[in-house]
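Engineer: The following file, start19.txt, comprises compact mmCIF, C-alpha atoms and all ligand atoms:
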```
# COMPACT_ATOMS: atom_id res chain seq x y z
CA MET A 637 0.00 0.00 0.00
CA SER A 638 1.43 3.39 -0.89
CA ILE A 639 0.60 6.47 1.05
CA ASN A 640 1.51 9.86 -0.23
CA ILE A 641 2.25 11.65 3.02
CA SER A 642 2.39 15.22 1.93
CA CYS A 643 3.02 16.53 5.44
CA ARG A 644 5.81 14.17 6.36
CA GLU A 645 8.68 16.58 5.71
CA HIS A 646 7.14 19.02 8.19
CA PHE A 647 7.22 16.48 10.99
CA PHE A 648 10.86 15.66 10.42
CA GLY A 649 11.83 19.25 9.65
CA LYS A 650 14.98 20.99 10.80
CA ASP A 651 13.98 21.70 14.38
CA GLY A 652 12.36 18.26 14.65
CA LYS A 653 10.14 19.56 17.41
CA VAL A 654 6.97 17.71 18.41
CA LYS A 655 4.34 20.30 19.01
CA TYR A 656 0.85 18.97 19.56
CA GLN A 657 -0.89 16.14 21.29
CA TYR A 658 -4.11 14.77 19.87
CA ILE A 659 -6.53 12.07 20.88
CA LEU A 660 -7.90 10.20 17.88
CA ILE A 661 -10.69 7.67 17.77
CA LEU A 662 -10.35 4.93 15.19
CA GLY A 663 -13.50 3.09 14.14
CA SER A 664 -14.46 0.34 11.70
CA ASN A 665 -17.58 -1.74 11.16
CA LEU A 666 -16.94 -3.26 7.71
CA GLY A 667 -14.47 -5.94 6.57
CA ASP A 668 -11.58 -7.03 8.79
CA LYS A 669 -12.21 -4.41 11.48
CA LYS A 670 -9.23 -5.16 13.72
CA GLU A 671 -6.89 -5.15 10.74
CA PHE A 672 -8.24 -1.76 9.63
CA LEU A 673 -7.57 -0.33 13.10
CA ASN A 674 -4.04 -1.77 13.18
CA LEU A 675 -3.25 -0.46 9.69
CA ALA A 676 -4.62 2.97 10.56
CA ALA A 677 -2.40 3.17 13.66
CA ALA A 678 0.63 1.94 11.69
CA ASN A 679 0.07 4.60 9.05
CA LEU A 680 -0.43 7.33 11.61
CA SER A 681 2.92 6.41 13.16
CA LEU A 682 4.61 7.44 9.91
CA ASN A 683 3.89 11.01 10.86
CA ALA A 684 3.22 10.98 14.57
CA LEU A 685 4.50 9.44 17.74
CA ILE A 686 1.94 7.08 19.26
CA LEU A 687 2.07 7.61 23.02
CA LYS A 688 -0.76 5.40 24.21
CA LYS A 689 -3.57 3.19 22.88
CA THR A 690 -6.74 1.92 24.51
CA GLU A 691 -8.04 -1.61 24.10
CA ILE A 692 -10.33 -2.15 21.12
CA LYS A 693 -13.95 -1.78 22.23
CA LYS A 694 -17.11 -2.95 20.48
CA THR A 695 -19.73 -0.19 20.39
CA LYS A 696 -23.24 0.21 19.09
CA ALA A 697 -23.60 2.45 16.04
CA PHE A 698 -24.62 6.02 16.79
CA HIS A 699 -27.86 7.49 15.30
CA ILE A 700 -28.22 4.87 12.51
CA HIS A 701 -28.85 1.72 14.51
CA ASN A 702 -29.41 -0.92 11.80
CA GLN A 703 -25.76 -1.50 10.94
CA PRO A 704 -23.01 -3.73 12.38
CA ASP A 705 -21.38 -2.83 15.71
CA PHE A 706 -18.20 -0.77 15.47
CA PHE A 707 -14.73 -1.72 16.67
CA ASN A 708 -13.25 1.41 18.24
CA GLN A 709 -9.90 2.32 19.66
CA GLY A 710 -8.53 5.55 21.13
CA ILE A 711 -4.95 6.68 20.59
CA LEU A 712 -2.93 9.53 22.00
CA ILE A 713 -0.39 10.90 19.53
CA GLU A 714 2.20 13.62 19.42
CA THR A 715 2.92 15.33 16.12
CA LYS A 716 4.05 18.56 14.63
CA LEU A 717 1.05 18.64 12.29
CA SER A 718 -1.46 21.40 12.77
CA PRO A 719 -5.10 20.26 13.03
CA GLU A 720 -5.74 21.08 9.33
CA LYS A 721 -2.66 19.14 8.22
CA LEU A 722 -3.44 16.23 10.50
CA LEU A 723 -6.93 16.13 8.98
CA LEU A 724 -5.46 15.99 5.46
CA PHE A 725 -3.11 13.23 6.54
CA ILE A 726 -6.01 11.29 8.09
CA LYS A 727 -8.10 11.64 4.92
CA GLU A 728 -5.20 10.19 2.91
CA ILE A 729 -4.91 7.25 5.29
CA GLU A 730 -8.67 6.61 5.09
CA ARG A 731 -8.54 6.73 1.30
CA ASP A 732 -5.47 4.50 1.12
CA LEU A 733 -7.06 1.94 3.40
CA GLY A 734 -9.90 1.74 0.91
CA ARG A 735 -12.66 3.66 2.65
CA LYS A 736 -15.57 3.75 0.21
CA HIS A 737 -18.52 4.47 2.47
CA ASN A 738 -19.14 8.07 3.41
CA VAL A 739 -22.74 8.26 4.65
CA ARG A 740 -22.83 10.40 7.82
CA TYR A 741 -23.04 8.04 10.82
CA GLY A 742 -23.23 5.15 8.32
CA PRO A 743 -21.10 2.00 8.05
CA ARG A 744 -17.44 2.41 7.09
CA GLU A 745 -14.23 0.46 6.61
CA ILE A 746 -12.21 2.97 8.61
CA ASP A 747 -12.93 6.23 10.31
CA ILE A 748 -10.41 8.38 12.14
CA ASP A 749 -11.77 11.25 14.23
CA ILE A 750 -9.73 13.95 15.93
CA VAL A 751 -11.57 14.28 19.23
CA TRP A 752 -9.16 16.28 21.43
CA TYR A 753 -6.27 18.62 20.68
CA SER A 754 -3.55 19.82 23.08
CA GLY A 755 -6.04 21.45 25.43
CA GLU A 756 -7.22 23.82 22.73
CA ARG A 757 -10.36 24.47 20.76
CA TYR A 758 -10.13 24.36 16.98
CA LYS A 759 -12.93 25.26 14.62
CA SER A 760 -12.97 25.55 10.84
CA ASP A 761 -15.39 24.63 8.05
CA LYS A 762 -13.95 21.13 7.93
CA LEU A 763 -13.04 20.36 11.51
CA SER A 764 -14.31 20.95 15.01
CA VAL A 765 -12.16 19.90 17.98
CA PRO A 766 -13.18 18.88 20.62
CA HIS A 767 -15.42 16.66 18.53
CA THR A 768 -19.04 17.72 18.99
CA GLN A 769 -20.12 14.22 20.03
CA ASN A 770 -17.43 13.58 22.69
CA ARG A 771 -19.64 14.47 25.61
CA ALA A 772 -22.59 12.48 24.30
CA ARG A 773 -20.75 9.20 23.84
CA SER A 774 -19.79 7.59 27.15
CA TRP A 775 -17.17 5.30 25.63
CA VAL A 776 -15.43 8.28 23.99
CA ARG A 777 -15.31 9.99 27.39
CA GLU A 778 -13.88 6.78 28.88
CA PHE A 779 -11.20 6.57 26.16
CA ILE A 780 -10.19 10.21 26.67
CA VAL A 781 -9.93 9.82 30.46
CA GLU A 782 -7.89 6.62 30.02
CA LEU A 783 -5.49 8.31 27.57
CA LYS A 784 -5.21 11.66 29.33
CA SER A 785 -6.77 11.67 32.78
CA GLU A 786 -6.80 15.47 33.20
CA ALA A 787 -8.01 16.31 29.67
CA VAL A 788 -10.43 19.22 29.57
CA ASP A 789 -13.20 19.66 27.02
CA GLU A 790 -12.38 23.16 25.82
CA THR A 791 -15.89 23.81 24.49
CA VAL A 792 -17.44 23.60 27.94
CA LYS A 793 -14.25 23.95 30.07
CA VAL A 794 -15.03 20.82 32.10
CA LYS A 795 -12.69 17.87 32.69
CA TYR A 796 -13.75 14.69 30.92
CA LYS A 797 -13.31 12.77 34.17
CA ASP A 798 -16.11 14.91 35.66
CA MET A 799 -18.42 13.88 32.81
CA ASN A 800 -17.33 10.26 32.77
CA VAL A 801 -20.56 8.62 33.93
CA LYS A 802 -22.49 5.56 32.87
CA PRO A 803 -25.34 6.70 30.59
CA ILE A 804 -28.99 6.02 31.35
CA THR A 805 -30.60 4.14 28.48
CA LYS A 806 -33.13 2.00 30.37
CA ILE A 807 -34.97 1.97 33.70
CA SER A 808 -32.53 -0.48 35.33
CA ASP A 809 -29.80 2.16 34.86
CA PHE A 810 -31.64 4.37 37.37
CA LEU A 811 -31.40 1.58 39.95
CA TYR A 812 -27.76 0.90 39.04
CA LYS A 813 -26.89 4.54 39.67
CA LYS A 814 -28.60 4.53 43.04
CA LYS A 815 -26.86 1.30 44.09
CA ASN A 816 -23.49 2.72 43.05
CA GLY A 817 -24.05 6.07 44.71
CA GLU A 818 -23.89 7.96 41.37
CA LYS A 819 -26.03 11.09 41.53
CA ILE A 820 -28.47 11.45 38.63
CA SER A 821 -28.64 14.71 36.65
CA VAL A 822 -32.02 15.51 35.09
CA LEU A 823 -33.09 18.53 33.06
CA THR A 824 -36.40 19.50 31.56
CA CYS A 825 -36.62 20.21 27.86
CA TYR A 826 -39.44 21.30 25.58
CA ASP A 827 -38.06 21.87 22.08
CA TYR A 828 -35.78 20.50 19.38
CA SER A 829 -32.95 23.08 19.52
CA ILE A 830 -32.28 22.74 23.25
CA ALA A 831 -32.74 18.96 23.00
CA LYS A 832 -30.04 18.88 20.32
CA LEU A 833 -27.69 20.74 22.66
CA LEU A 834 -28.55 18.37 25.52
CA SER A 835 -27.75 15.43 23.27
CA LYS A 836 -24.19 16.78 23.14
CA THR A 837 -23.81 16.81 26.93
CA SER A 838 -23.44 14.16 29.60
CA VAL A 839 -26.80 14.97 31.24
CA ASP A 840 -28.18 11.65 32.45
CA THR A 841 -31.80 11.94 31.42
CA VAL A 842 -34.40 14.40 30.13
CA LEU A 843 -37.89 15.28 31.33
CA VAL A 844 -40.52 16.87 29.10
CA GLY A 845 -42.20 18.55 32.04
CA ASP A 846 -45.67 20.08 32.03
CA SER A 847 -43.78 23.11 33.39
CA LEU A 848 -43.78 23.98 29.69
CA ALA A 849 -47.14 25.57 30.57
CA ASN A 850 -45.24 28.20 32.58
CA VAL A 851 -42.01 28.71 30.67
CA PHE A 852 -43.12 27.96 27.11
CA GLN A 853 -46.77 28.95 27.03
CA GLY A 854 -46.75 31.70 29.67
CA ARG A 855 -49.67 30.16 31.62
CA LYS A 856 -50.04 30.90 35.31
CA ASN A 857 -50.09 27.20 36.26
CA THR A 858 -49.76 23.77 34.61
CA LEU A 859 -53.48 22.94 34.55
CA PRO A 860 -54.31 24.06 30.98
CA VAL A 861 -51.73 21.88 29.17
CA THR A 862 -53.32 19.17 27.04
CA LEU A 863 -52.19 15.65 26.23
CA ASP A 864 -51.81 16.66 22.56
CA GLU A 865 -49.56 19.56 23.54
CA MET A 866 -47.35 17.29 25.69
CA ILE A 867 -47.10 14.86 22.77
CA TYR A 868 -46.24 17.70 20.37
CA HIS A 869 -43.35 18.90 22.57
CA ALA A 870 -42.13 15.39 23.41
CA LYS A 871 -41.88 14.55 19.68
CA ALA A 872 -39.70 17.63 19.11
CA VAL A 873 -37.47 16.73 22.07
CA ARG A 874 -37.12 13.14 20.85
CA ARG A 875 -35.97 14.45 17.44
CA GLY A 876 -33.28 16.52 19.15
CA CYS A 877 -32.05 13.76 21.46
CA PRO A 878 -32.63 10.48 19.65
CA ASP A 879 -30.60 8.45 22.13
CA ALA A 880 -31.60 9.99 25.48
CA PHE A 881 -33.87 8.35 28.05
CA ILE A 882 -36.84 10.74 28.00
CA THR A 883 -39.69 10.87 30.49
CA VAL A 884 -42.86 12.79 29.63
CA ASP A 885 -45.21 14.38 32.14
CA MET A 886 -48.82 13.25 31.98
CA PRO A 887 -50.84 16.48 32.08
CA PHE A 888 -53.70 17.42 34.40
CA LEU A 889 -56.74 15.13 34.02
CA SER A 890 -54.96 12.69 31.72
CA PHE A 891 -54.40 10.24 34.58
CA GLN A 892 -56.75 11.27 37.41
CA VAL A 893 -60.00 9.98 35.89
CA SER A 894 -59.58 6.21 35.65
CA PRO A 895 -56.79 3.61 35.37
CA GLU A 896 -58.10 2.48 31.96
CA GLU A 897 -58.06 5.97 30.51
CA THR A 898 -54.60 6.55 32.00
CA VAL A 899 -53.15 3.43 30.37
CA LYS A 900 -54.56 4.61 27.02
CA ASN A 901 -53.19 8.15 27.45
CA ALA A 902 -49.77 6.97 28.61
CA GLY A 903 -49.74 4.49 25.73
CA ARG A 904 -50.40 7.34 23.32
CA ILE A 905 -47.44 9.26 24.74
CA LEU A 906 -45.06 6.32 24.33
CA LYS A 907 -46.39 5.28 20.92
CA GLU A 908 -46.56 8.72 19.32
CA THR A 909 -43.40 10.31 20.75
CA GLY A 910 -40.94 7.42 20.96
CA CYS A 911 -40.11 8.54 24.50
CA ASP A 912 -39.28 6.07 27.27
CA ALA A 913 -41.43 6.72 30.34
CA VAL A 914 -44.17 8.90 31.79
CA LYS A 915 -44.40 10.82 35.05
CA ILE A 916 -47.53 11.27 37.10
CA GLU A 917 -48.08 13.46 40.14
CA GLY A 918 -49.51 12.14 43.41
CA VAL A 919 -50.55 8.76 44.75
CA PHE A 920 -52.57 6.72 42.23
CA TYR A 921 -51.68 3.23 43.38
CA GLU A 922 -54.09 1.17 41.32
CA THR A 923 -53.45 3.27 38.21
CA ILE A 924 -49.67 2.94 38.47
CA GLU A 925 -49.98 -0.82 39.03
CA LYS A 926 -52.08 -1.11 35.86
CA MET A 927 -49.63 1.03 33.88
CA VAL A 928 -46.65 -1.02 35.03
CA LYS A 929 -48.57 -4.21 34.18
CA ALA A 930 -49.02 -2.77 30.70
CA SER A 931 -45.20 -2.31 30.55
CA ILE A 932 -45.36 1.46 30.88
CA PRO A 933 -42.43 2.79 32.95
CA VAL A 934 -43.70 5.29 35.52
CA MET A 935 -41.83 8.00 37.39
CA GLY A 936 -43.66 9.21 40.52
CA HIS A 937 -43.84 12.76 41.85
CA LEU A 938 -44.54 13.71 45.49
CA GLY A 939 -44.28 16.75 47.74
CA LEU A 940 -45.32 19.86 45.86
CA THR A 941 -47.27 18.52 42.93
CA PRO A 942 -47.99 21.62 40.82
CA GLN A 943 -51.17 20.19 39.24
CA SER A 944 -52.70 20.41 42.75
CA VAL A 945 -51.87 24.11 43.14
CA LEU A 946 -55.53 25.02 43.56
CA LYS A 947 -55.81 22.58 46.48
CA PHE A 948 -52.47 23.71 48.03
CA GLY A 949 -53.18 27.38 47.43
CA GLY A 950 -49.61 28.08 46.26
CA TYR A 951 -46.16 26.66 45.56
CA GLY A 952 -44.66 26.71 49.06
CA LEU A 953 -42.65 24.13 51.02
CA GLN A 954 -44.60 20.92 51.70
CA ALA A 955 -44.57 18.43 54.60
CA LYS A 956 -43.44 20.85 57.28
CA GLN A 957 -45.39 19.01 60.03
CA LYS A 958 -44.40 15.59 61.42
CA GLU A 959 -47.75 14.00 60.44
CA GLU A 960 -47.36 15.20 56.86
CA GLN A 961 -43.83 13.83 56.82
CA TYR A 962 -44.95 10.35 57.99
CA LYS A 963 -47.65 10.42 55.32
CA LEU A 964 -45.14 11.38 52.62
CA ILE A 965 -42.82 8.52 53.63
CA GLU A 966 -45.78 6.11 53.40
CA ASP A 967 -46.78 7.53 50.02
CA ALA A 968 -43.24 7.15 48.69
CA LEU A 969 -43.11 3.51 49.80
CA SER A 970 -46.49 2.89 48.24
CA LEU A 971 -45.43 4.40 44.88
CA GLN A 972 -42.37 2.18 44.96
CA SER A 973 -44.46 -0.92 45.61
CA ALA A 974 -46.89 0.08 42.85
CA GLY A 975 -43.91 -0.17 40.48
CA CYS A 976 -42.45 3.33 39.94
CA PHE A 977 -38.83 3.20 38.75
CA SER A 978 -37.93 6.58 40.31
CA MET A 979 -39.61 9.48 42.00
CA VAL A 980 -39.45 13.28 41.95
CA LEU A 981 -39.58 14.93 45.38
CA GLU A 982 -40.45 18.61 45.09
CA MET A 983 -40.21 21.37 47.71
CA ILE A 984 -39.82 19.34 50.88
CA PRO A 985 -37.30 19.68 53.74
CA ALA A 986 -33.83 18.30 52.98
CA ALA A 987 -33.85 15.98 56.01
CA LEU A 988 -37.12 14.38 54.87
CA THR A 989 -35.67 13.86 51.38
CA GLY A 990 -32.72 12.07 53.02
CA GLU A 991 -35.01 9.85 55.07
CA ILE A 992 -37.16 8.89 52.06
CA SER A 993 -34.11 8.31 49.85
CA LYS A 994 -32.64 5.96 52.47
CA LYS A 995 -35.86 3.97 52.75
CA LEU A 996 -36.39 3.55 48.99
CA GLU A 997 -34.60 1.23 46.59
CA ILE A 998 -35.61 3.39 43.63
CA PRO A 999 -33.83 6.73 43.19
CA THR A 1000 -35.35 10.01 44.30
CA ILE A 1001 -34.92 13.08 42.10
CA GLY A 1002 -35.12 16.33 44.05
CA ILE A 1003 -36.16 19.84 43.14
CA GLY A 1004 -36.21 22.29 46.02
CA ALA A 1005 -35.65 19.20 48.18
CA GLY A 1006 -32.03 19.68 49.25
CA PRO A 1007 -28.86 17.71 48.58
CA ASN A 1008 -29.98 14.32 49.96
CA ALA A 1009 -31.91 13.12 46.92
CA ASP A 1010 -30.32 10.52 44.62
CA GLY A 1011 -30.53 12.99 41.75
CA GLN A 1012 -31.53 16.55 40.96
CA VAL A 1013 -33.82 18.07 38.36
CA LEU A 1014 -34.10 21.69 37.26
CA VAL A 1015 -36.25 23.44 34.70
CA ILE A 1016 -33.76 24.23 31.93
CA ASN A 1017 -34.97 27.81 31.49
CA ASP A 1018 -34.20 28.46 35.18
CA LEU A 1019 -30.67 27.00 35.00
CA LEU A 1020 -29.96 29.08 31.88
CA GLY A 1021 -31.26 32.29 33.45
CA ILE A 1022 -33.73 32.96 30.64
CA ASP A 1023 -36.27 34.74 32.85
CA GLU A 1024 -34.52 37.54 34.73
CA ASP A 1025 -37.58 38.00 36.96
CA PHE A 1026 -37.58 34.43 38.29
CA SER A 1027 -34.96 33.55 40.92
CA PRO A 1028 -36.34 31.17 43.55
CA LYS A 1029 -34.04 29.97 46.35
CA PHE A 1030 -33.70 26.40 45.02
CA VAL A 1031 -32.47 27.42 41.55
CA ARG A 1032 -28.82 27.92 40.69
CA LYS A 1033 -28.44 29.98 37.51
CA TYR A 1034 -25.51 28.60 35.51
CA ALA A 1035 -25.86 31.22 32.81
CA ASP A 1036 -27.38 34.64 32.27
CA LEU A 1037 -29.01 34.00 28.92
CA SER A 1038 -31.55 36.79 29.38
CA SER A 1039 -28.77 39.38 29.03
CA VAL A 1040 -26.96 37.37 26.32
CA ILE A 1041 -30.17 37.21 24.25
CA MET A 1042 -31.17 40.84 24.79
CA THR A 1043 -27.63 42.05 24.00
CA ALA A 1044 -27.60 40.06 20.77
CA VAL A 1045 -31.03 41.41 19.79
CA GLU A 1046 -30.11 45.06 20.54
CA ASN A 1047 -26.86 44.75 18.59
CA TYR A 1048 -28.69 43.25 15.63
CA CYS A 1049 -31.32 46.03 15.68
CA ALA A 1050 -28.62 48.71 15.93
CA ASP A 1051 -26.73 47.18 12.98
CA VAL A 1052 -29.89 47.07 10.86
CA ARG A 1053 -30.65 50.71 11.67
CA LYS A 1054 -27.07 51.75 10.89
CA LYS A 1055 -27.28 49.77 7.60
CA ASP A 1056 -24.34 47.75 8.87
CA PHE A 1057 -26.15 44.43 8.49
CA PRO A 1058 -26.04 42.65 6.11
CA SER A 1059 -22.52 43.40 4.90
CA GLU A 1060 -21.16 42.48 1.50
CA LYS A 1061 -19.78 39.28 2.99
CA GLU A 1062 -23.25 38.34 4.18
CA SER A 1063 -24.87 39.05 0.80
CA PHE A 1064 -25.07 37.12 -2.50
O1 LIG A 1101 -42.97 19.83 35.03
C1 LIG A 1101 -41.82 19.79 35.44
O2 LIG A 1101 -40.91 20.43 34.92
C2 LIG A 1101 -41.55 18.97 36.61
C3 LIG A 1101 -40.20 19.04 37.24
C4 LIG A 1101 -39.93 20.36 37.81
C5 LIG A 1101 -39.99 17.95 38.20
O3 LIG A 1101 -42.39 18.23 37.00
```
Can you dump the structure from the file as C-alpha cells?

Structural biologist:
Amino acid sequence: MSINISCREHFFGKDGKVKYQYILILGSNLGDKKEFLNLAAANLSLNALILKKTEIKKTKAFHIHNQPDFFNQGILIETKLSPEKLLLFIKEIERDLGRKHNVRYGPREIDIDIVWYSGERYKSDKLSVPHTQNRARSWVREFIVELKSEAVDETVKVKYKDMNVKPITKISDFLYKKKNGEKISVLTCYDYSIAKLLSKTSVDTVLVGDSLANVFQGRKNTLPVTLDEMIYHAKAVRRGCPDAFITVDMPFLSFQVSPEETVKNAGRILKETGCDAVKIEGVFYETIEKMVKASIPVMGHLGLTPQSVLKFGGYGLQAKQKEEQYKLIEDALSLQSAGCFSMVLEMIPAALTGEISKKLEIPTIGIGAGPNADGQVLVINDLLGIDEDFSPKFVRKYADLSSVIMTAVENYCADVRKKDFPSEKESF
C-alpha cells in the first residue's frame, strides 16, 4: 500500500520539534475491522509518535442503529502537524485503506476522528475539535480519560473525568446509579434546539415537564396543558435527542379519571413520541400498578405537585409538620411498591428527602428538596437564566441567557438601523 504523506517533511523538519498532542478515535464496522484499526495506527505512526492506545472496544452504532457494531480504539499521539494538516493526513490514510462508504453516521471500513487537541479548541469549516459528540458518547469519554486523565473539554471547560458517567438508556440504569451512589442529573426540555444541545452533553436523562405551561406557554399554572400539547413537545425533544432516556409528564386530568383511561393516554405518549417513560403526580396506586402491568415505565412525583396548586393554594414548602412527613414517607413507599422506577420529590425539607431516599430502593430526584436526593432536576430555562424575573431559592443559575439574548437582539437592531447588516460578505 502506498501512502503519499504530503506533510511528512514538516514532521521531520529541521527543528524536529513535536508540538501537539491529539486524541484520535479509530472506528471500523466493515471488513476485517481489527486489521483496519491496526493499519490505521501503523500509518499514523509514519507522521506521529503514538504515546498510548486503549483496548479495542465494540460499540453500538450512533444514530443509525441498523448496521453492524463498530470496533473502536482511542490513541494519544504527538505530532508537529497542525489540526488542518493532520486532517489531510487522516483523509489520505482513510482513502489508502480503501474507505468507500461516506454516509454520515453510516457504516465504514475505517474512520479516524480527531476528538481532542492539546487542550485547545479548533474550529474551521472542515473540523471541530473537541469533537461535537465527545460528551454524548460515554465510551469516547472513557477513552479520553484513560489516555489523558486530566483532559479538559475546551468547548465547555469541564474535565472529561467529571463527565465520565455511565449513561442512562433503560430503567434499570436508574437503579444501578442509586446502588453505586452515582447522583443522577435531570433537566427539563421542551423543544428541538435545546434537545439537540442536551444530546451533546453528559446529562443523564431528560424530562418533558408540564412546566412547559409556565415557561413555554406563559400560563399561570400547569393545569391548561393538554395531552396533545405534551405529545407535540415530546416529539420535538425526541428528534433533538434520539438516544436519550426521555420521560414525559402526563398532564392534568390525563391520569386522574380512571386507570383504563390513564393506560390509554400513557400508551399514546409512548407510541406517538418514541419517548421512554411517563411521570404522574400524586398517589394513584391502582393506576400505576395497571400502567406497570401494561409495561409502561412510571416516574412518581410527590411533595409539591404543581397540578394540585388550587388545592395547596400556592407553591410553598410541603410536609413541614411531622404528620405530613410520615404520610409522605408512606406515600413514597407505596409508589415504589406500585412499580415506579424513580420518583421526583419537590419542595420538601432536605432531612425528609434524606429519610425517604434511604428507605427507597428506587432513586429520588429532588427539586427544592435539598442535597440528599439521589438525583436533581431543574427546569432548563431556570438554570440558563432565561427569565430575569424568576430567581427562587432552590435554583442555581448557571448562565445569564436573558442578558446574552437581549444584548444580541439590541446589537442586531442597531446594525440594521445603521445599515451595517447585512454586509457584503453576508450578501449574494
Ligand atoms: O414539570 C416539570 O418540569 C416537573 C419538574 C420540575 C420535576 O415536574

Engineer: Which polymer residues have any atom within 7 Å of an atom of Ile686 (chain A), counting all atoms listed in the file, with same-chain residues fewer than 5 positions away left out, as a list in words?

Structural biologist: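 Neighbouring residues, sequence-local ones excluded: Ser681, Leu712, Ile713 and Glu714 of chain A.
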
Engineer: Using only C-alpha atoms and all ligand atoms, find each protein or nucleic acid residue lying at most 7 Å from ligand LIG 1101 (chain A); present the set as a list of chain:residue names.

Structural biologist: A:Thr824, A:Leu843, A:Val844, A:Gly845, A:Asp846, A:Ser847, A:Leu848, A:Asp885, A:Val980, A:Glu982, A:Ile1003, A:Val1013, A:Leu1014, A:Val1015

Engineer: Can you write out the residues you just picked, keeping C-alpha atoms, as a tab-separated table (two decimals), in the frame of the given file?

Structural biologist:
```tsv
chain	number	residue	atom	x	y	z
A	824	THR	CA	-36.40	19.50	31.56
A	843	LEU	CA	-37.89	15.28	31.33
A	844	VAL	CA	-40.52	16.87	29.10
A	845	GLY	CA	-42.20	18.55	32.04
A	846	ASP	CA	-45.67	20.08	32.03
A	847	SER	CA	-43.78	23.11	33.39
A	848	LEU	CA	-43.78	23.98	29.69
A	885	ASP	CA	-45.21	14.38	32.14
A	980	VAL	CA	-39.45	13.28	41.95
A	982	GLU	CA	-40.45	18.61	45.09
A	1003	ILE	CA	-36.16	19.84	43.14
A	1013	VAL	CA	-33.82	18.07	38.36
A	1014	LEU	CA	-34.10	21.69	37.26
A	1015	VAL	CA	-36.25	23.44	34.70
```

Engineer: Just to confirm, what's the straight-line distance from CA of Ile726 (chain A) to CA of Ile661 (chain A) in Å (one decimal)?

Structural biologist: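 Between CA of Ile726 (chain A) and CA of Ile661 (chain A) the gap is 11.3 Å.
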
Engineer: Please measure the separation of CA of Glu865 (chain A) and CA of Lys806 (chain A), giving the value in Å to one decimal.

Structural biologist: 25.0 Å
